>>> print(open('protein.cif').read())   # mmCIF, C-alpha atoms and all ligand atoms
data_model
loop_
_atom_site.group_PDB
_atom_site.id
_atom_site.type_symbol
_atom_site.label_atom_id
_atom_site.label_comp_id
_atom_site.auth_asym_id
_atom_site.auth_seq_id
_atom_site.Cartn_x
_atom_site.Cartn_y
_atom_site.Cartn_z
ATOM 1 C CA MET A 386 19.607 1.946 10.328
ATOM 2 C CA ILE A 387 16.375 2.654 8.473
ATOM 3 C CA THR A 388 13.758 4.748 10.273
ATOM 4 C CA VAL A 389 10.145 4.276 9.254
ATOM 5 C CA HIS A 390 7.835 7.168 10.028
ATOM 6 C CA HIS A 391 4.689 5.228 10.613
ATOM 7 C CA LEU A 392 1.332 6.994 10.580
ATOM 8 C CA THR A 393 -1.379 5.079 12.414
ATOM 9 C CA TYR A 394 -4.109 3.491 10.250
ATOM 10 C CA SER A 395 -2.257 4.038 7.027
ATOM 11 C CA ARG A 396 -0.284 2.889 4.022
ATOM 12 C CA SER A 397 2.861 2.818 6.099
ATOM 13 C CA THR A 398 1.931 -0.763 7.000
ATOM 14 C CA ARG A 399 3.277 -1.557 3.528
ATOM 15 C CA ILE A 400 6.765 -0.536 4.551
ATOM 16 C CA LEU A 401 6.732 -2.240 7.944
ATOM 17 C CA TRP A 402 5.535 -5.412 6.197
ATOM 18 C CA LEU A 403 8.213 -5.296 3.492
ATOM 19 C CA LEU A 404 10.982 -4.737 6.042
ATOM 20 C CA GLU A 405 9.643 -7.619 8.134
ATOM 21 C CA GLU A 406 9.682 -9.830 5.016
ATOM 22 C CA MET A 407 13.270 -8.766 4.333
ATOM 23 C CA GLY A 408 14.398 -9.310 7.912
ATOM 24 C CA GLU A 409 16.030 -5.893 7.699
ATOM 25 C CA PRO A 410 16.431 -4.064 11.037
ATOM 26 C CA TYR A 411 14.575 -0.762 11.335
ATOM 27 C CA GLU A 412 13.372 1.754 13.862
ATOM 28 C CA MET A 413 9.786 2.890 13.890
ATOM 29 C CA VAL A 414 8.590 6.373 14.822
ATOM 30 C CA THR A 415 4.845 6.326 15.354
ATOM 31 C CA TRP A 416 2.814 9.402 14.412
ATOM 32 C CA HIS A 417 -0.800 9.563 15.500
ATOM 33 C CA ARG A 418 -3.498 11.028 13.296
ATOM 34 C CA ASP A 419 -5.120 14.220 14.557
ATOM 35 C CA ALA A 420 -8.801 14.704 15.342
ATOM 36 C CA LYS A 421 -9.559 15.201 11.630
ATOM 37 C CA MET A 422 -7.695 11.990 10.817
ATOM 38 C CA ARG A 423 -4.931 13.970 9.121
ATOM 39 C CA ALA A 424 -1.228 13.424 9.645
ATOM 40 C CA PRO A 425 0.146 15.768 12.340
ATOM 41 C CA HIS A 426 1.772 18.922 10.936
ATOM 42 C CA GLU A 427 5.056 18.057 12.676
ATOM 43 C CA MET A 428 5.509 15.280 10.111
ATOM 44 C CA ARG A 429 6.313 18.043 7.609
ATOM 45 C CA LYS A 430 9.560 18.601 9.473
ATOM 46 C CA VAL A 431 10.624 15.130 8.335
ATOM 47 C CA HIS A 432 9.517 15.590 4.692
ATOM 48 C CA PRO A 433 7.605 18.532 3.156
ATOM 49 C CA LEU A 434 4.683 16.260 2.220
ATOM 50 C CA GLY A 435 4.283 15.188 5.840
ATOM 51 C CA LYS A 436 2.521 11.937 5.009
ATOM 52 C CA GLY A 437 2.837 8.308 5.935
ATOM 53 C CA PRO A 438 4.885 6.471 4.983
ATOM 54 C CA THR A 439 8.171 8.360 4.995
ATOM 55 C CA ILE A 440 11.524 6.732 5.650
ATOM 56 C CA GLU A 441 14.974 7.950 6.568
ATOM 57 C CA ASP A 442 18.042 5.977 5.617
ATOM 58 C CA GLY A 443 21.183 7.850 6.606
ATOM 59 C CA GLU A 444 20.941 11.247 4.908
ATOM 60 C CA ARG A 445 18.128 10.155 2.613
ATOM 61 C CA VAL A 446 14.517 11.029 3.323
ATOM 62 C CA ILE A 447 12.018 9.313 1.030
ATOM 63 C CA ALA A 448 8.249 9.657 0.785
ATOM 64 C CA GLU A 449 5.754 7.857 -1.522
ATOM 65 C CA SER A 450 5.219 4.202 -0.735
ATOM 66 C CA GLY A 451 5.982 3.074 -4.308
ATOM 67 C CA ALA A 452 9.305 4.903 -4.337
ATOM 68 C CA ILE A 453 10.157 3.602 -0.869
ATOM 69 C CA ILE A 454 9.405 0.037 -1.962
ATOM 70 C CA GLU A 455 11.540 0.384 -5.108
ATOM 71 C CA TYR A 456 14.367 1.864 -3.044
ATOM 72 C CA LEU A 457 14.239 -0.825 -0.349
ATOM 73 C CA VAL A 458 14.024 -3.695 -2.841
ATOM 74 C CA ALA A 459 16.950 -2.326 -4.872
ATOM 75 C CA THR A 460 19.062 -1.524 -1.807
ATOM 76 C CA TYR A 461 18.260 -4.297 0.652
ATOM 77 C CA GLY A 462 16.347 -6.925 -1.335
ATOM 78 C CA LYS A 463 19.373 -9.129 -2.068
ATOM 79 C CA GLY A 464 17.718 -10.188 -5.326
ATOM 80 C CA ARG A 465 14.371 -10.901 -3.656
ATOM 81 C CA PHE A 466 11.048 -9.015 -3.688
ATOM 82 C CA GLY A 467 11.349 -7.739 -7.254
ATOM 83 C CA PRO A 468 12.958 -8.607 -10.589
ATOM 84 C CA ALA A 469 16.121 -6.756 -11.545
ATOM 85 C CA ALA A 470 16.015 -4.055 -14.241
ATOM 86 C CA GLY A 471 16.119 -5.769 -17.622
ATOM 87 C CA ASP A 472 14.673 -9.055 -16.325
ATOM 88 C CA ALA A 473 11.726 -10.462 -18.355
ATOM 89 C CA ASP A 474 9.351 -9.818 -15.416
ATOM 90 C CA TRP A 475 10.615 -6.313 -14.737
ATOM 91 C CA PRO A 476 8.121 -4.357 -16.892
ATOM 92 C CA ALA A 477 5.154 -6.179 -15.321
ATOM 93 C CA TYR A 478 6.604 -5.548 -11.877
ATOM 94 C CA LEU A 479 6.912 -1.805 -12.548
ATOM 95 C CA GLU A 480 3.433 -1.683 -14.013
ATOM 96 C CA TRP A 481 1.737 -3.244 -10.961
ATOM 97 C CA LEU A 482 3.879 -1.325 -8.506
ATOM 98 C CA HIS A 483 2.913 2.034 -10.008
ATOM 99 C CA PHE A 484 -0.682 0.984 -10.701
ATOM 100 C CA GLY A 485 -1.131 0.613 -6.927
ATOM 101 C CA GLU A 486 -1.083 4.360 -6.235
ATOM 102 C CA SER A 487 -2.357 5.599 -9.586
ATOM 103 C CA SER A 488 -5.073 3.871 -11.663
ATOM 104 C CA ALA A 489 -6.019 1.485 -8.860
ATOM 105 C CA MET A 490 -6.339 4.155 -6.169
ATOM 106 C CA LEU A 491 -7.935 7.047 -8.046
ATOM 107 C CA GLY A 492 -11.545 5.867 -7.973
ATOM 108 C CA ILE A 493 -11.220 4.600 -4.409
ATOM 109 C CA ILE A 494 -9.978 7.977 -3.164
ATOM 110 C CA MET A 495 -12.759 9.757 -5.059
ATOM 111 C CA ARG A 496 -15.377 7.550 -3.424
ATOM 112 C CA MET A 497 -13.738 7.824 -0.019
ATOM 113 C CA LEU A 498 -13.754 11.628 -0.087
ATOM 114 C CA GLY A 499 -17.153 11.859 -1.741
ATOM 115 C CA GLY A 500 -18.981 9.770 0.833
ATOM 116 C CA ARG A 501 -22.180 8.012 -0.115
ATOM 117 C CA ASP A 502 -23.876 10.806 -2.092
ATOM 118 C CA GLY A 503 -21.275 13.541 -2.123
ATOM 119 C CA LEU A 504 -19.908 13.171 -5.654
ATOM 120 C CA PRO A 505 -21.570 14.740 -8.673
ATOM 121 C CA LYS A 506 -23.193 12.058 -10.847
ATOM 122 C CA HIS A 507 -20.564 12.068 -13.577
ATOM 123 C CA ALA A 508 -17.718 11.902 -11.022
ATOM 124 C CA ARG A 509 -19.388 9.016 -9.192
ATOM 125 C CA ALA A 510 -19.837 7.146 -12.495
ATOM 126 C CA TYR A 511 -16.199 7.762 -13.394
ATOM 127 C CA ALA A 512 -14.996 6.597 -9.981
ATOM 128 C CA ASP A 513 -17.101 3.432 -10.041
ATOM 129 C CA GLU A 514 -15.996 2.538 -13.560
ATOM 130 C CA SER A 515 -12.397 3.184 -12.628
ATOM 131 C CA ILE A 516 -12.633 0.914 -9.544
ATOM 132 C CA ASP A 517 -14.337 -1.823 -11.545
ATOM 133 C CA LEU A 518 -11.701 -1.679 -14.272
ATOM 134 C CA ALA A 519 -8.824 -1.746 -11.786
ATOM 135 C CA MET A 520 -10.247 -4.631 -9.762
ATOM 136 C CA SER A 521 -11.115 -6.606 -12.900
ATOM 137 C CA SER A 522 -7.569 -6.277 -14.218
ATOM 138 C CA LEU A 523 -6.191 -7.450 -10.882
ATOM 139 C CA GLU A 524 -8.611 -10.355 -10.782
ATOM 140 C CA THR A 525 -7.658 -11.443 -14.289
ATOM 141 C CA ALA A 526 -3.973 -11.270 -13.402
ATOM 142 C CA LEU A 527 -4.421 -13.326 -10.223
ATOM 143 C CA GLU A 528 -6.827 -15.959 -11.535
ATOM 144 C CA ARG A 529 -4.156 -18.604 -11.952
ATOM 145 C CA ARG A 530 -1.337 -17.377 -9.789
ATOM 146 C CA ASP A 531 -0.552 -16.637 -6.169
ATOM 147 C CA PHE A 532 1.490 -13.470 -6.763
ATOM 148 C CA LEU A 533 1.282 -10.686 -9.320
ATOM 149 C CA VAL A 534 4.769 -11.255 -10.712
ATOM 150 C CA GLY A 535 6.799 -14.484 -10.788
ATOM 151 C CA ASN A 536 6.387 -17.158 -8.139
ATOM 152 C CA ALA A 537 7.119 -15.235 -4.970
ATOM 153 C CA LEU A 538 6.029 -12.116 -3.102
ATOM 154 C CA THR A 539 7.297 -8.872 -4.623
ATOM 155 C CA GLY A 540 6.976 -5.206 -3.769
ATOM 156 C CA ALA A 541 4.065 -5.098 -6.218
ATOM 157 C CA ASP A 542 2.004 -7.421 -3.993
ATOM 158 C CA VAL A 543 2.894 -5.289 -0.979
ATOM 159 C CA GLN A 544 1.707 -2.182 -2.824
ATOM 160 C CA ILE A 545 -1.515 -3.730 -4.137
ATOM 161 C CA GLN A 546 -2.635 -5.426 -0.923
ATOM 162 C CA TYR A 547 -3.419 -2.064 0.704
ATOM 163 C CA VAL A 548 -5.549 -1.109 -2.297
ATOM 164 C CA ILE A 549 -7.634 -4.270 -1.988
ATOM 165 C CA GLU A 550 -7.919 -3.877 1.766
ATOM 166 C CA THR A 551 -9.136 -0.286 1.354
ATOM 167 C CA ALA A 552 -11.669 -1.329 -1.265
ATOM 168 C CA ILE A 553 -12.945 -4.057 1.073
ATOM 169 C CA ALA A 554 -13.133 -1.655 4.047
ATOM 170 C CA LEU A 555 -15.138 0.877 2.033
ATOM 171 C CA GLY A 556 -17.464 -1.753 0.588
ATOM 172 C CA LEU A 557 -16.191 -1.049 -2.927
ATOM 173 C CA LEU A 558 -14.736 -4.422 -3.895
ATOM 174 C CA GLY A 559 -17.935 -6.226 -4.859
ATOM 175 C CA GLU A 560 -18.009 -9.973 -5.491
ATOM 176 C CA ARG A 561 -14.389 -10.755 -6.178
ATOM 177 C CA PRO A 562 -13.445 -14.080 -4.582
ATOM 178 C CA VAL A 563 -10.048 -14.180 -6.311
ATOM 179 C CA LEU A 564 -9.017 -10.885 -4.728
ATOM 180 C CA ILE A 565 -10.439 -11.826 -1.314
ATOM 181 C CA ALA A 566 -8.424 -15.085 -1.395
ATOM 182 C CA TYR A 567 -5.287 -13.200 -2.481
ATOM 183 C CA ASN A 568 -5.728 -10.683 0.350
ATOM 184 C CA ASP A 569 -6.308 -13.515 2.856
ATOM 185 C CA ARG A 570 -3.114 -15.280 1.711
ATOM 186 C CA LEU A 571 -1.043 -12.116 2.014
ATOM 187 C CA THR A 572 -2.401 -11.018 5.389
ATOM 188 C CA ALA A 573 -1.778 -14.516 6.829
ATOM 189 C CA ARG A 574 1.957 -14.212 6.188
ATOM 190 C CA PRO A 575 3.959 -14.092 9.435
ATOM 191 C CA ALA A 576 5.746 -10.898 8.328
ATOM 192 C CA TYR A 577 2.421 -9.152 7.702
ATOM 193 C CA VAL A 578 1.134 -10.283 11.093
ATOM 194 C CA ARG A 579 4.285 -8.904 12.753
ATOM 195 C CA ALA A 580 3.850 -5.576 10.919
ATOM 196 C CA ILE A 581 0.312 -5.256 12.282
ATOM 197 C CA GLU A 582 1.464 -6.220 15.780
ATOM 198 C CA LYS A 583 4.068 -3.444 15.664
ATOM 199 C CA GLY A 584 2.157 -0.738 13.802
ATOM 200 C CA GLY A 585 -1.449 -1.487 14.685
ATOM 201 C CA PRO A 586 -4.313 -2.040 12.239
ATOM 202 C CA THR A 587 -4.139 -0.539 8.756
ATOM 203 C CA MET A 588 -7.802 0.399 8.659
ATOM 204 C CA LEU A 589 -9.873 2.227 11.218
ATOM 205 C CA PRO A 590 -12.436 -0.057 12.857
ATOM 206 C CA ARG A 591 -15.772 0.275 11.067
ATOM 207 C CA ARG A 592 -18.424 2.223 12.964
HETATM 208 N N1 LIG B 601 0.817 8.313 -2.636
HETATM 209 C C1 LIG B 601 1.267 8.410 -1.262
HETATM 210 C C2 LIG B 601 0.067 8.694 -0.383
HETATM 211 C C3 LIG B 601 0.467 9.085 1.015
HETATM 212 C C4 LIG B 601 -0.759 9.351 1.858
HETATM 213 O O1 LIG B 601 -1.728 10.028 1.427
HETATM 214 N N2 LIG B 601 -0.739 8.828 3.068
HETATM 215 C C5 LIG B 601 -1.845 9.008 3.951
HETATM 216 C C6 LIG B 601 -1.951 7.796 4.874
HETATM 217 S S1 LIG B 601 -2.590 6.364 4.124
HETATM 218 C C7 LIG B 601 -1.648 10.211 4.841
HETATM 219 O O2 LIG B 601 -0.543 10.520 5.237
HETATM 220 N N3 LIG B 601 -2.763 10.851 5.184
HETATM 221 C C8 LIG B 601 -2.804 11.913 6.139
HETATM 222 C C9 LIG B 601 -2.852 13.264 5.510
HETATM 223 O O3 LIG B 601 -2.878 13.370 4.282
HETATM 224 O O4 LIG B 601 -2.896 14.231 6.279
HETATM 225 C C10 LIG B 601 1.962 7.104 -0.874
HETATM 226 O O5 LIG B 601 1.711 6.089 -1.509
HETATM 227 O O6 LIG B 601 2.783 7.106 0.045
#
>>> encode(input="protein.cif", output="structure tokens")
Amino acid sequence: MITVHHLTYSRSTRILWLLEEMGEPYEMVTWHRDAKMRAPHEMRKVHPLGKGPTIEDGERVIAESGAIIEYLVATYGKGRFGPAAGDADWPAYLEWLHFGESSAMLGIIMRMLGGRDGLPKHARAYADESIDLAMSSLETALERRDFLVGNALTGADVQIQYVIETAIALGLLGERPVLIAYNDRLTARPAYVRAIEKGGPTMLPRR
């Protein structure tokens, strides 16, 4: 049985959502953020990084949402949720999946940690350009399609949805109706709704 170490208000929604889409049984251990909104130190007993999400599957302990998604799709996907290695869509799938925690997230994290005026000018300019570039590439990719790869939901959509949701929550998305519609479609899926019911909201309520 898979155990998902779920940190409240976090990326671990991705994993709950994917497992709900798969219909794969899992147990959830809920970890609550501390007063500084960090993951509790005890999470480091599960994995040295001590972050959400982390999963256990038998003897395996896996952190990093992208790696967890690749592992779950390959192990439990039954040919769904991602093209097989060597398939024509496979390179695009890998690209979007990894983009979700690298190029797409970098500027967002910089702005999140920097606050409104906290970043030096050149860093703020870099972050804003990086966000704009990432969101523009996503918008171009999704202009005429419902999913990033192929004709059905894949792990890449699961990975990217959190990025868009974070950008929306921080007011960093700008006018991007294609991405808003994509996010609305994904978050209306019954499996996503179940993930939120079980794990609670992904984003902290805005103050
Ligand atoms: N690249 C990692 C990021 C993991 C991460 O930073 N998770 C956040 C939650 S969204 C976390 O655990 N934050 C609490 C902390 O760093 O103390 C992934 O995709 O899993």
>>> closest_residue(input="protein.cif", among="A:Gly462, A:Pro586, A:Gly559, A:Gly535", to="ligand LIG 601 (chain B)", atoms="all atoms listed in the file")
A:Pro586
>>> residues_near_ligand(input="protein.cif", ligand="ligand LIG 601 (chain B)", cutoff="10 Å", atoms="all atoms listed in the file", output="number ranges by chain")
A: 391-400, 416-419, 421-426, 428, 434-439, 447-454, 483, 485-487, 490, 494, 544, 547, 551, 587-588
>>> closest_residue(input="protein.cif", among="A:Met495, A:Ile387, A:Leu404, A:Gly443", to="Leu555 of chain A", atoms="only C-alpha atoms")
A:Met495
>>> atom_distance(input="protein.cif", atom1="atom CA of Gly499 of chain A", atom2="atom CA of Ser522 of chain A")
24.0 Å
>>> atom_distance(input="protein.cif", atom1="atom CA of Ala554 of chain A", atom2="atom CA of Tyr456 of chain A")
28.6 Å
>>> residues_near_point(input="protein.cif", point="(3.6, -3.5, 10.3)", cutoff="8 Å", atoms="only C-alpha atoms", output="ChimeraX atom specification")
/A:397-402,405,576-585
>>> write_last_selection(input="protein.cif", atoms="C-alpha atoms", output="PDB file, in the coordinates of the input")
ATOM      1  CA  SER A 397       2.861   2.818   6.099  1.00  0.00           C
ATOM      2  CA  THR A 398       1.931  -0.763   7.000  1.00  0.00           C
ATOM      3  CA  ARG A 399       3.277  -1.557   3.528  1.00  0.00           C
ATOM      4  CA  ILE A 400       6.765  -0.536   4.551  1.00  0.00           C
ATOM      5  CA  LEU A 401       6.732  -2.240   7.944  1.00  0.00           C
ATOM      6  CA  TRP A 402       5.535  -5.412   6.197  1.00  0.00           C
ATOM      7  CA  GLU A 405       9.643  -7.619   8.134  1.00  0.00           C
ATOM      8  CA  ALA A 576       5.746 -10.898   8.328  1.00  0.00           C
ATOM      9  CA  TYR A 577       2.421  -9.152   7.702  1.00  0.00           C
ATOM     10  CA  VAL A 578       1.134 -10.283  11.093  1.00  0.00           C
ATOM     11  CA  ARG A 579       4.285  -8.904  12.753  1.00  0.00           C
ATOM     12  CA  ALA A 580       3.850  -5.576  10.919  1.00  0.00           C
ATOM     13  CA  ILE A 581       0.312  -5.256  12.282  1.00  0.00           C
ATOM     14  CA  GLU A 582       1.464  -6.220  15.780  1.00  0.00           C
ATOM     15  CA  LYS A 583       4.068  -3.444  15.664  1.00  0.00           C
ATOM     16  CA  GLY A 584       2.157  -0.738  13.802  1.00  0.00           C
ATOM     17  CA  GLY A 585      -1.449  -1.487  14.685  1.00  0.00           C
TER      18      GLY A 585
END
>>> resolve_selection(input="protein.cif", expression="the PyMOL selection byres (((chain A and resi 536) around 12) and not hetatm)", output="PyMOL selection string")
chain A and resi 465-468+474+527+529-535+537-539+542
>>> closest_atom_pairs(input="protein.cif", of="segment 428-522 of chain A", to="segment 407-414 of chain A", cutoff="10 Å", atoms="only C-alpha atoms", output="CSV")
residue,atom,partner,partner_atom,distance
A:Ile440,CA,A:Met413,CA,9.3
A:Glu441,CA,A:Glu412,CA,9.7
A:Asp442,CA,A:Tyr411,CA,9.5
A:Leu457,CA,A:Met407,CA,9.3
A:Val458,CA,A:Met407,CA,8.8
A:Tyr461,CA,A:Glu409,CA,7.6
A:Gly462,CA,A:Met407,CA,6.7
A:Lys463,CA,A:Met407,CA,8.9
A:Arg465,CA,A:Met407,CA,8.3
A:Phe466,CA,A:Met407,CA,8.3
>>> resolve_selection(input="protein.cif", expression="the PyMOL selection byres (((chain A and resi 521) around 12) and not hetatm)", output="PDB file with C-alpha atoms, in the frame of the given file")
ATOM      1  CA  ALA A 489      -6.019   1.485  -8.860  1.00  0.00           C
ATOM      2  CA  GLU A 514     -15.996   2.538 -13.560  1.00  0.00           C
ATOM      3  CA  SER A 515     -12.397   3.184 -12.628  1.00  0.00           C
ATOM      4  CA  ILE A 516     -12.633   0.914  -9.544  1.00  0.00           C
ATOM      5  CA  ASP A 517     -14.337  -1.823 -11.545  1.00  0.00           C
ATOM      6  CA  LEU A 518     -11.701  -1.679 -14.272  1.00  0.00           C
ATOM      7  CA  ALA A 519      -8.824  -1.746 -11.786  1.00  0.00           C
ATOM      8  CA  MET A 520     -10.247  -4.631  -9.762  1.00  0.00           C
ATOM      9  CA  SER A 522      -7.569  -6.277 -14.218  1.00  0.00           C
ATOM     10  CA  LEU A 523      -6.191  -7.450 -10.882  1.00  0.00           C
ATOM     11  CA  GLU A 524      -8.611 -10.355 -10.782  1.00  0.00           C
ATOM     12  CA  THR A 525      -7.658 -11.443 -14.289  1.00  0.00           C
ATOM     13  CA  ALA A 526      -3.973 -11.270 -13.402  1.00  0.00           C
ATOM     14  CA  LEU A 527      -4.421 -13.326 -10.223  1.00  0.00           C
ATOM     15  CA  GLU A 528      -6.827 -15.959 -11.535  1.00  0.00           C
ATOM     16  CA  ILE A 549      -7.634  -4.270  -1.988  1.00  0.00           C
ATOM     17  CA  LEU A 558     -14.736  -4.422  -3.895  1.00  0.00           C
ATOM     18  CA  GLY A 559     -17.935  -6.226  -4.859  1.00  0.00           C
ATOM     19  CA  GLU A 560     -18.009  -9.973  -5.491  1.00  0.00           C
ATOM     20  CA  ARG A 561     -14.389 -10.755  -6.178  1.00  0.00           C
ATOM     21  CA  PRO A 562     -13.445 -14.080  -4.582  1.00  0.00           C
ATOM     22  CA  VAL A 563     -10.048 -14.180  -6.311  1.00  0.00           C
ATOM     23  CA  LEU A 564      -9.017 -10.885  -4.728  1.00  0.00           C
TER      24      LEU A 564
END
>>> axis_aligned_box(input="protein.cif", around="segment 452-462 of chain A", padding_each_side="3 Å", output="JSON")
{"center_x": 14.2, "center_y": -1.0, "center_z": -2.2, "size_x": 15.8, "size_y": 17.8, "size_z": 11.8}
>>> atom_distance(input="protein.cif", atom1="atom CA of Ala473 of chain A", atom2="atom CA of Ile545 of chain A")
20.6 Å
>>> closest_residue(input="protein.cif", among="A:Ala508, A:Ala477, A:Leu482, A:Leu403", to="Arg574 of chain A", atoms="all atoms listed in the file")
A:Leu403
>>> closest_residue(input="protein.cif", among="A:Pro476, A:Leu571, A:Ala469, A:His390", to="His432 of chain A", atoms="all atoms listed in the file")
A:His390
>>> build_atoms(input="protein.cif", residues="segment 492-508 of chain A", atoms="N, CA and C atoms", output="PDB file, keeping the file's coordinate frame")
ATOM      1  N   GLY A 492     -10.102   5.973  -8.208  1.00  0.00           N
ATOM      2  CA  GLY A 492     -11.545   5.867  -7.973  1.00  0.00           C
ATOM      3  C   GLY A 492     -11.855   5.651  -6.499  1.00  0.00           C
ATOM      4  N   ILE A 493     -11.004   4.890  -5.834  1.00  0.00           N
ATOM      5  CA  ILE A 493     -11.220   4.600  -4.409  1.00  0.00           C
ATOM      6  C   ILE A 493     -11.128   5.887  -3.592  1.00  0.00           C
ATOM      7  N   ILE A 494     -10.128   6.701  -3.892  1.00  0.00           N
ATOM      8  CA  ILE A 494      -9.978   7.977  -3.164  1.00  0.00           C
ATOM      9  C   ILE A 494     -11.186   8.893  -3.452  1.00  0.00           C
ATOM     10  N   MET A 495     -11.597   8.918  -4.722  1.00  0.00           N
ATOM     11  CA  MET A 495     -12.759   9.757  -5.059  1.00  0.00           C
ATOM     12  C   MET A 495     -13.974   9.343  -4.236  1.00  0.00           C
ATOM     13  N   ARG A 496     -14.211   8.019  -4.175  1.00  0.00           N
ATOM     14  CA  ARG A 496     -15.377   7.550  -3.424  1.00  0.00           C
ATOM     15  C   ARG A 496     -15.214   7.785  -1.929  1.00  0.00           C
ATOM     16  N   MET A 497     -13.987   7.635  -1.446  1.00  0.00           N
ATOM     17  CA  MET A 497     -13.738   7.824  -0.019  1.00  0.00           C
ATOM     18  C   MET A 497     -14.032   9.281   0.381  1.00  0.00           C
ATOM     19  N   LEU A 498     -13.561  10.215  -0.424  1.00  0.00           N
ATOM     20  CA  LEU A 498     -13.754  11.628  -0.087  1.00  0.00           C
ATOM     21  C   LEU A 498     -15.182  12.085  -0.370  1.00  0.00           C
ATOM     22  N   GLY A 499     -15.804  11.433  -1.336  1.00  0.00           N
ATOM     23  CA  GLY A 499     -17.153  11.859  -1.741  1.00  0.00           C
ATOM     24  C   GLY A 499     -18.241  11.361  -0.814  1.00  0.00           C
ATOM     25  N   GLY A 500     -17.934  10.332  -0.018  1.00  0.00           N
ATOM     26  CA  GLY A 500     -18.981   9.770   0.833  1.00  0.00           C
ATOM     27  C   GLY A 500     -20.046   9.102  -0.015  1.00  0.00           C
ATOM     28  N   ARG A 501     -21.153   8.793   0.590  1.00  0.00           N
ATOM     29  CA  ARG A 501     -22.180   8.012  -0.115  1.00  0.00           C
ATOM     30  C   ARG A 501     -22.792   8.785  -1.286  1.00  0.00           C
ATOM     31  N   ASP A 502     -23.180  10.045  -1.040  1.00  0.00           N
ATOM     32  CA  ASP A 502     -23.876  10.806  -2.092  1.00  0.00           C
ATOM     33  C   ASP A 502     -23.141  12.077  -2.480  1.00  0.00           C
ATOM     34  N   GLY A 503     -21.929  12.253  -1.985  1.00  0.00           N
ATOM     35  CA  GLY A 503     -21.275  13.541  -2.123  1.00  0.00           C
ATOM     36  C   GLY A 503     -20.683  13.862  -3.483  1.00  0.00           C
ATOM     37  N   LEU A 504     -20.539  12.883  -4.362  1.00  0.00           N
ATOM     38  CA  LEU A 504     -19.908  13.171  -5.654  1.00  0.00           C
ATOM     39  C   LEU A 504     -20.962  13.537  -6.684  1.00  0.00           C
ATOM     40  N   PRO A 505     -20.652  14.506  -7.549  1.00  0.00           N
ATOM     41  CA  PRO A 505     -21.570  14.740  -8.673  1.00  0.00           C
ATOM     42  C   PRO A 505     -21.727  13.447  -9.486  1.00  0.00           C
ATOM     43  N   LYS A 506     -22.853  13.317 -10.171  1.00  0.00           N
ATOM     44  CA  LYS A 506     -23.193  12.058 -10.847  1.00  0.00           C
ATOM     45  C   LYS A 506     -22.089  11.572 -11.783  1.00  0.00           C
ATOM     46  N   HIS A 507     -21.568  12.497 -12.598  1.00  0.00           N
ATOM     47  CA  HIS A 507     -20.564  12.068 -13.577  1.00  0.00           C
ATOM     48  C   HIS A 507     -19.271  11.626 -12.887  1.00  0.00           C
ATOM     49  N   ALA A 508     -18.943  12.269 -11.749  1.00  0.00           N
ATOM     50  CA  ALA A 508     -17.718  11.902 -11.022  1.00  0.00           C
ATOM     51  C   ALA A 508     -17.900  10.540 -10.365  1.00  0.00           C
TER      52      ALA A 508
END
